[in-house]
Amino acid sequence: MNDTPRIRTVLSCTLLAVTVTAAASACAGSDGHPLSARAYDAADQLAVSAPADGAKADPEKPLEVTAKGDDGRITDVTAIDTAGRHLAGELTADGRRWRSTVALAAGTRYTVRVATEDEDGAPGARTFTFETAPAKRALTATFGPEAGTYGVGQPITADLSLPVKDREARAVVERALKVRSTPSVEGAWYWVDDKKLHFRPKEYWPAGASVTVTGNLDGLKVGDKLYGGASKPLKLTIGDRIEAVADAGSHYMTVRRNGEVINTIPVTTGKPGFSTRNGIKVVLGKEYYVRMRGTSIGIAEGSSESYDLPVYYATRVTWSGEYVHAAPWSVGSQGVANVSHGCVGMSTGNAAWFYETVRPGDIVRVVNSFGNTMDTFGNGFGDWNLTWAKWREGSALVEAAGNPVATTEKARLRPSI
């Protein structure tokens, strides 16, 4: 490459004050001091590994800036890509060579500013740009749910376009997936499998919160020849705190809005052999009409437990078919006994009220049932059934003992000794 391209001369008293601290006061204009002079063009003093003439750099190779000859040294290097990310690097103690210590981003443009000084201490400067080649494999994240307003229990999901198995690569991905809430919350990602993550706060989202999710993966090196791609951001609004607690022992459901009881409803839950799952579930959606068949849960058609019913005002809480719904055929048992095949049944009027009151993301908790606890993943959102300590263990950034994983990145500029 041509080591002496035309460049714009840069003068910055702020830069000089940082990089040449021995005589910082010279920027004030001390007559005759080397630092009082305008920075000279340092192009002839420097060799750069980045290609010239429009060629794109291989992001797998480090960026190097070297001082040529014996009449000067490098004092500072700043490399920033189009996303505003600084490229960390290391400067040798003698100021002869600067080398990046982390991988370059793919498919981006870098602006590199180099500060130097000659043998008399006079400041020099050079600014150059170069582009990196695009990634051959791009990892993207698709966030869920869809933009809108949700209840306080709604987890954030991230579906990756490619599997990520290595823990260090997972840590890179996780650091790039940003969830910001106003008001702020403590939260963490959990790796459900190699391609899916869930995010939840330590406690439920605050009512009225605004949540923004972004994936800063674009161009970022994730693993061996694997780089991130662009991801569409997501914005959510959190509504009132609606919590419904169905007590299978008392046969009543208590519904609260922001901590205040707004309704108490007689219900029936799963009978022996079909007990409703205990634990915290999150409303997945609402369906005005559902045709429910016993065959969908393994009941043989024509058997004594077989059923085929039109069901109205059905609020779904599991993918396997557990709902809170109207059950006019069991009104006599509601508030008295458990006679359903696993759903929470109530009168048509109460079901219509519940249907109109809740939204996806609201909480439905079942207690005192003989059923198993709701699965954490795979059958809806059982995320809240894990303790916070256990949830944090699902993060690639936290050791099993609960300690953060140390980063391997070095400071942006650090002389090596």
# chains A, B, ... in the order shown; residues from 1 in each chain; ligands from 1
>>> residues_around(residues="Tyr252 of chain A", least_positions_apart="5", cutoff="8 Å", atoms="only C-alpha atoms", output="list in words")
Ala246, Asp247, Thr264, Ile265, Pro266, Val267, Thr268 and Gly335 of chain A
>>> write_last_selection(atoms="N, CA and C atoms", output="tab-separated table (two decimals), in the first residue's frame")
chain	number	residue	atom	x	y	z
A	246	ALA	N	-55.28	-18.19	41.09
A	246	ALA	CA	-56.31	-19.22	41.15
A	246	ALA	C	-55.93	-20.23	42.22
A	247	ASP	N	-56.72	-20.30	43.26
A	247	ASP	CA	-56.46	-21.21	44.38
A	247	ASP	C	-57.28	-22.48	44.17
A	264	THR	N	-63.13	-11.18	42.77
A	264	THR	CA	-62.94	-12.53	43.31
A	264	THR	C	-63.97	-13.42	42.63
A	265	ILE	N	-63.49	-14.47	41.96
A	265	ILE	CA	-64.33	-15.25	41.06
A	265	ILE	C	-64.33	-16.72	41.47
A	266	PRO	N	-65.51	-17.34	41.61
A	266	PRO	CA	-65.55	-18.79	41.84
A	266	PRO	C	-65.09	-19.53	40.58
A	267	VAL	N	-64.20	-20.53	40.77
A	267	VAL	CA	-63.65	-21.25	39.62
A	267	VAL	C	-63.63	-22.75	39.91
A	268	THR	N	-63.38	-23.50	38.87
A	268	THR	CA	-63.04	-24.91	39.01
A	268	THR	C	-61.74	-25.14	38.27
A	335	GLY	N	-66.36	-22.82	42.58
A	335	GLY	CA	-66.34	-22.38	43.97
A	335	GLY	C	-66.50	-23.52	44.95
>>> residues_around(residues="Ala188 of chain A", least_positions_apart="4", cutoff="8 Å", atoms="only C-alpha atoms", output="VMD selection string")
chain A and resid 199 to 202 391 to 392 395
>>> write_last_selection(atoms="C-alpha atoms", output="mmCIF file, in the first residue's frame")
data_model
loop_
_atom_site.group_PDB
_atom_site.id
_atom_site.type_symbol
_atom_site.label_atom_id
_atom_site.label_comp_id
_atom_site.auth_asym_id
_atom_site.auth_seq_id
_atom_site.Cartn_x
_atom_site.Cartn_y
_atom_site.Cartn_z
ATOM 1 C CA PHE A 199 -34.676 -11.784 29.252
ATOM 2 C CA ARG A 200 -36.583 -10.969 32.441
ATOM 3 C CA PRO A 201 -36.061 -8.536 35.290
ATOM 4 C CA LYS A 202 -35.301 -9.710 38.818
ATOM 5 C CA TRP A 391 -32.027 -17.470 36.447
ATOM 6 C CA ARG A 392 -28.669 -15.692 36.523
ATOM 7 C CA SER A 395 -26.401 -16.192 31.584
#
>>> residues_around(residues="Met374 of chain A", least_positions_apart="3", cutoff="8 Å", atoms="only C-alpha atoms", output="MDAnalysis selection string")
chainID A and resid 277:281 382 385
>>> write_last_selection(atoms="all heavy atoms", output="CSV table (one decimal), in the first residue's frame")
chain,number,residue,atom,x,y,z
A,277,ARG,N,-51.6,-27.2,36.4
A,277,ARG,CA,-50.2,-26.9,36.7
A,277,ARG,C,-50.1,-25.8,37.7
A,277,ARG,O,-50.7,-24.8,37.6
A,277,ARG,CB,-49.4,-26.6,35.5
A,277,ARG,CG,-49.3,-27.7,34.5
A,277,ARG,CD,-48.6,-27.1,33.2
A,277,ARG,NE,-48.5,-28.2,32.2
A,277,ARG,CZ,-49.5,-28.5,31.3
A,277,ARG,NH1,-50.7,-27.8,31.4
A,277,ARG,NH2,-49.4,-29.4,30.4
A,278,ASN,N,-49.3,-26.0,38.8
A,278,ASN,CA,-49.0,-25.0,39.7
A,278,ASN,C,-48.0,-24.0,39.2
A,278,ASN,O,-47.4,-24.2,38.2
A,278,ASN,CB,-48.4,-25.6,41.0
A,278,ASN,CG,-49.5,-26.2,41.9
A,278,ASN,OD1,-50.4,-25.5,42.4
A,278,ASN,ND2,-49.4,-27.5,42.2
A,279,GLY,N,-47.9,-22.8,39.8
A,279,GLY,CA,-46.9,-21.9,39.5
A,279,GLY,C,-47.4,-20.7,38.7
A,279,GLY,O,-48.6,-20.5,38.4
A,280,ILE,N,-46.4,-19.9,38.3
A,280,ILE,CA,-46.6,-18.6,37.6
A,280,ILE,C,-46.6,-18.8,36.1
A,280,ILE,O,-45.7,-19.4,35.5
A,280,ILE,CB,-45.6,-17.6,38.0
A,280,ILE,CG1,-45.6,-17.3,39.5
A,280,ILE,CG2,-45.8,-16.3,37.2
A,280,ILE,CD1,-44.5,-16.5,40.0
A,281,LYS,N,-47.7,-18.4,35.5
A,281,LYS,CA,-47.8,-18.5,34.0
A,281,LYS,C,-48.1,-17.1,33.5
A,281,LYS,O,-48.6,-16.2,34.2
A,281,LYS,CB,-49.0,-19.4,33.6
A,281,LYS,CG,-48.8,-20.8,34.2
A,281,LYS,CD,-50.2,-21.5,34.3
A,281,LYS,CE,-50.0,-22.8,35.2
A,281,LYS,NZ,-51.3,-23.5,35.4
A,382,GLY,N,-42.9,-19.8,31.6
A,382,GLY,CA,-42.8,-20.2,33.0
A,382,GLY,C,-41.5,-19.6,33.7
A,382,GLY,O,-41.1,-20.0,34.7
A,385,ASN,N,-40.9,-18.9,37.4
A,385,ASN,CA,-40.8,-20.0,38.4
A,385,ASN,C,-39.4,-20.4,38.8
A,385,ASN,O,-39.2,-21.2,39.7
A,385,ASN,CB,-41.5,-21.2,37.8
A,385,ASN,CG,-43.0,-21.0,37.7
A,385,ASN,OD1,-43.7,-20.6,38.6
A,385,ASN,ND2,-43.5,-21.2,36.5
>>> select_by_dssp(residues="segment 26-115 of chain A", states="strand (DSSP E)", output="ChimeraX atom specification")
/A:40-41,46-48,56-57,64-67,72-81,89-92,97-100,109-115
>>> residues_around(residues="segment 296-303 of chain A", least_positions_apart="3", cutoff="10 Å", atoms="only C-alpha atoms", output="list in words")
Phe274, Met292, Arg293, Ser306, Tyr307, Asp308, Ser320, Gly321, His341 and Gly342 of chain A
>>> write_last_selection(atoms="N, CA and C atoms", output="PDB file, in the first residue's frame")
ATOM      1  N   PHE A 274     -55.991 -34.895  36.092  1.00  0.00           N
ATOM      2  CA  PHE A 274     -55.880 -33.793  35.132  1.00  0.00           C
ATOM      3  C   PHE A 274     -55.587 -32.483  35.871  1.00  0.00           C
ATOM      4  N   MET A 292     -62.580 -27.139  21.787  1.00  0.00           N
ATOM      5  CA  MET A 292     -61.706 -27.969  22.607  1.00  0.00           C
ATOM      6  C   MET A 292     -62.111 -29.430  22.519  1.00  0.00           C
ATOM      7  N   ARG A 293     -61.118 -30.288  22.214  1.00  0.00           N
ATOM      8  CA  ARG A 293     -61.351 -31.723  22.083  1.00  0.00           C
ATOM      9  C   ARG A 293     -60.441 -32.484  23.043  1.00  0.00           C
ATOM     10  N   SER A 306     -63.934 -38.357  27.331  1.00  0.00           N
ATOM     11  CA  SER A 306     -63.901 -37.678  26.045  1.00  0.00           C
ATOM     12  C   SER A 306     -64.806 -36.438  26.056  1.00  0.00           C
ATOM     13  N   TYR A 307     -64.372 -35.391  25.353  1.00  0.00           N
ATOM     14  CA  TYR A 307     -65.201 -34.185  25.215  1.00  0.00           C
ATOM     15  C   TYR A 307     -64.877 -33.488  23.903  1.00  0.00           C
ATOM     16  N   ASP A 308     -65.844 -32.723  23.415  1.00  0.00           N
ATOM     17  CA  ASP A 308     -65.718 -31.909  22.205  1.00  0.00           C
ATOM     18  C   ASP A 308     -66.658 -30.727  22.402  1.00  0.00           C
ATOM     19  N   SER A 320     -49.802 -25.891  25.322  1.00  0.00           N
ATOM     20  CA  SER A 320     -50.401 -27.223  25.278  1.00  0.00           C
ATOM     21  C   SER A 320     -51.915 -27.198  25.471  1.00  0.00           C
ATOM     22  N   GLY A 321     -52.490 -26.020  25.716  1.00  0.00           N
ATOM     23  CA  GLY A 321     -53.941 -25.934  25.739  1.00  0.00           C
ATOM     24  C   GLY A 321     -54.568 -25.586  27.071  1.00  0.00           C
ATOM     25  N   HIS A 341     -60.577 -30.550  33.041  1.00  0.00           N
ATOM     26  CA  HIS A 341     -59.477 -31.368  32.540  1.00  0.00           C
ATOM     27  C   HIS A 341     -58.154 -30.597  32.552  1.00  0.00           C
ATOM     28  N   GLY A 342     -58.060 -29.571  33.386  1.00  0.00           N
ATOM     29  CA  GLY A 342     -56.803 -28.834  33.544  1.00  0.00           C
ATOM     30  C   GLY A 342     -56.930 -27.334  33.406  1.00  0.00           C
TER      31      GLY A 342
END
>>> closest_residue(among="A:Ala314, A:Leu309, A:Ile242, A:Met346", to="Arg365 of chain A", atoms="only C-alpha atoms")
A:Ile242
>>> atom_distance(atom1="atom CA of Thr129 of chain A", atom2="atom CA of Gly72 of chain A")
22.2 Å
>>> select_by_dssp(residues="segment 181-414 of chain A", states="helix (DSSP H, G or I)", output="VMD selection string")
chain A and resid 294 to 297 328 to 330 348 to 357 383 to 385 388 to 392
>>> write_last_selection(atoms="N, CA and C atoms", output="CSV table (one decimal), in the first residue's frame")
chain,number,residue,atom,x,y,z
A,294,GLY,N,-60.9,-33.5,23.6
A,294,GLY,CA,-60.2,-34.4,24.5
A,294,GLY,C,-59.0,-35.0,23.8
A,295,THR,N,-59.1,-35.3,22.6
A,295,THR,CA,-58.1,-36.0,21.8
A,295,THR,C,-56.8,-35.1,21.8
A,296,SER,N,-56.9,-33.8,22.0
A,296,SER,CA,-55.8,-32.9,21.9
A,296,SER,C,-54.8,-33.1,23.1
A,297,ILE,N,-55.4,-33.7,24.2
A,297,ILE,CA,-54.5,-33.9,25.4
A,297,ILE,C,-54.4,-35.4,25.6
A,328,PRO,N,-69.8,-22.8,31.2
A,328,PRO,CA,-71.2,-22.8,31.8
A,328,PRO,C,-71.7,-24.2,32.2
A,329,TRP,N,-71.1,-25.2,31.7
A,329,TRP,CA,-71.5,-26.6,32.0
A,329,TRP,C,-71.1,-27.0,33.5
A,330,SER,N,-70.2,-26.2,34.1
A,330,SER,CA,-69.7,-26.6,35.4
A,330,SER,C,-70.0,-25.5,36.4
A,348,THR,N,-69.8,-17.8,32.2
A,348,THR,CA,-69.5,-17.0,31.0
A,348,THR,C,-69.4,-15.5,31.3
A,349,GLY,N,-70.1,-15.0,32.2
A,349,GLY,CA,-70.0,-13.6,32.6
A,349,GLY,C,-68.7,-13.2,33.2
A,350,ASN,N,-68.2,-14.1,34.1
A,350,ASN,CA,-66.9,-13.9,34.7
A,350,ASN,C,-65.8,-14.0,33.7
A,351,ALA,N,-65.9,-15.0,32.8
A,351,ALA,CA,-64.9,-15.3,31.8
A,351,ALA,C,-64.8,-14.1,30.8
A,352,ALA,N,-66.0,-13.5,30.5
A,352,ALA,CA,-66.0,-12.3,29.6
A,352,ALA,C,-65.3,-11.1,30.3
A,353,TRP,N,-65.5,-11.0,31.6
A,353,TRP,CA,-64.9,-9.9,32.3
A,353,TRP,C,-63.3,-10.1,32.3
A,354,PHE,N,-62.9,-11.3,32.6
A,354,PHE,CA,-61.5,-11.6,32.7
A,354,PHE,C,-60.8,-11.4,31.3
A,355,TYR,N,-61.5,-11.9,30.3
A,355,TYR,CA,-61.0,-11.7,28.9
A,355,TYR,C,-60.8,-10.3,28.6
A,356,GLU,N,-61.7,-9.4,29.0
A,356,GLU,CA,-61.6,-8.0,28.6
A,356,GLU,C,-60.6,-7.3,29.6
A,357,THR,N,-60.3,-7.8,30.7
A,357,THR,CA,-59.4,-7.2,31.7
A,357,THR,C,-58.0,-7.4,31.5
A,383,ASP,N,-41.0,-18.5,33.0
A,383,ASP,CA,-39.7,-17.9,33.4
A,383,ASP,C,-39.7,-17.6,34.9
A,384,TRP,N,-40.8,-17.1,35.4
A,384,TRP,CA,-40.8,-16.6,36.8
A,384,TRP,C,-40.8,-17.7,37.8
A,385,ASN,N,-40.9,-18.9,37.4
A,385,ASN,CA,-40.8,-20.0,38.4
A,385,ASN,C,-39.4,-20.4,38.8
A,388,TRP,N,-34.2,-16.0,41.2
A,388,TRP,CA,-33.3,-15.1,40.5
A,388,TRP,C,-31.9,-15.6,40.5
A,389,ALA,N,-31.5,-16.3,41.5
A,389,ALA,CA,-30.1,-16.9,41.5
A,389,ALA,C,-30.0,-18.0,40.4
A,390,LYS,N,-31.0,-18.8,40.3
A,390,LYS,CA,-31.0,-19.8,39.2
A,390,LYS,C,-31.1,-19.2,37.9
A,391,TRP,N,-31.9,-18.1,37.7
A,391,TRP,CA,-32.0,-17.5,36.4
A,391,TRP,C,-30.7,-16.9,36.0
A,392,ARG,N,-29.9,-16.3,36.9
A,392,ARG,CA,-28.7,-15.7,36.5
A,392,ARG,C,-27.7,-16.7,36.1
>>> atom_distance(atom1="atom CA of Val152 of chain A", atom2="atom CA of Gly394 of chain A")
21.2 Å
>>> residues_around(residues="segment 105-114 of chain A", least_positions_apart="4", cutoff="8 Å", atoms="only C-alpha atoms", output="VMD selection string")
chain A and resid 59 74 to 82 125 to 135 218 to 221 227
>>> residues_around(residues="segment 194-198 of chain A", least_positions_apart="5", cutoff="7 Å", atoms="only C-alpha atoms", output="PyMOL selection string")
chain A and resi 155-160+162-165+189
>>> closest_atom_pairs(of="segment 96-170 of chain A", to="segment 87-92 of chain A", cutoff="10 Å", atoms="only C-alpha atoms", output="tab-separated table")
residue	atom	partner	partner_atom	distance
A:Arg96	CA	A:Thr92	CA	6.3
A:Arg97	CA	A:Thr92	CA	5.7
A:Trp98	CA	A:Leu91	CA	4.3
A:Arg99	CA	A:Gly89	CA	5.4
A:Ser100	CA	A:Gly89	CA	3.8
A:Thr101	CA	A:Gly89	CA	4.8
A:Val102	CA	A:Ala88	CA	6.0
A:Ala103	CA	A:Leu87	CA	8.1
A:Leu104	CA	A:Leu87	CA	7.1
A:Ala105	CA	A:Leu87	CA	8.8
A:Tyr110	CA	A:Leu87	CA	9.0
A:Val112	CA	A:Leu87	CA	9.4
>>> write_last_selection(atoms="N, CA and C atoms", output="short mmCIF file (atom, residue, chain, number, x, y, z; two decimals), in the first residue's frame")
data_model
loop_
_atom_site.label_atom_id
_atom_site.label_comp_id
_atom_site.auth_asym_id
_atom_site.auth_seq_id
_atom_site.Cartn_x
_atom_site.Cartn_y
_atom_site.Cartn_z
N ARG A 96 6.92 2.67 19.26
CA ARG A 96 7.25 2.33 17.87
C ARG A 96 6.09 1.63 17.15
N ARG A 97 5.22 0.94 17.91
CA ARG A 97 4.18 0.17 17.21
C ARG A 97 2.91 0.11 18.06
N TRP A 98 1.79 0.29 17.38
CA TRP A 98 0.47 0.09 17.99
C TRP A 98 -0.22 -1.05 17.24
N ARG A 99 -0.88 -1.94 18.00
CA ARG A 99 -1.53 -3.10 17.39
C ARG A 99 -2.87 -3.33 18.06
N SER A 100 -3.92 -3.58 17.27
CA SER A 100 -5.24 -3.86 17.85
C SER A 100 -5.20 -5.17 18.63
N THR A 101 -5.94 -5.20 19.74
CA THR A 101 -5.94 -6.38 20.61
C THR A 101 -7.27 -7.13 20.57
N VAL A 102 -8.24 -6.63 19.85
CA VAL A 102 -9.50 -7.34 19.64
C VAL A 102 -9.79 -7.37 18.14
N ALA A 103 -10.70 -8.24 17.74
CA ALA A 103 -11.00 -8.39 16.31
C ALA A 103 -11.67 -7.14 15.75
N LEU A 104 -11.32 -6.83 14.51
CA LEU A 104 -12.01 -5.75 13.81
C LEU A 104 -13.46 -6.17 13.53
N ALA A 105 -14.33 -5.20 13.40
CA ALA A 105 -15.70 -5.49 12.98
C ALA A 105 -15.71 -5.70 11.47
N TYR A 110 -13.62 2.24 9.34
CA TYR A 110 -12.90 2.74 10.51
C TYR A 110 -12.28 4.10 10.19
N VAL A 112 -9.27 6.28 11.75
CA VAL A 112 -8.14 6.11 12.66
C VAL A 112 -7.38 7.43 12.75
#
>>> closest_residue(among="A:Glu305, A:Asp362, A:Asp120, A:Glu322", to="Trp205 of chain A", atoms="only C-alpha atoms")
A:Asp362
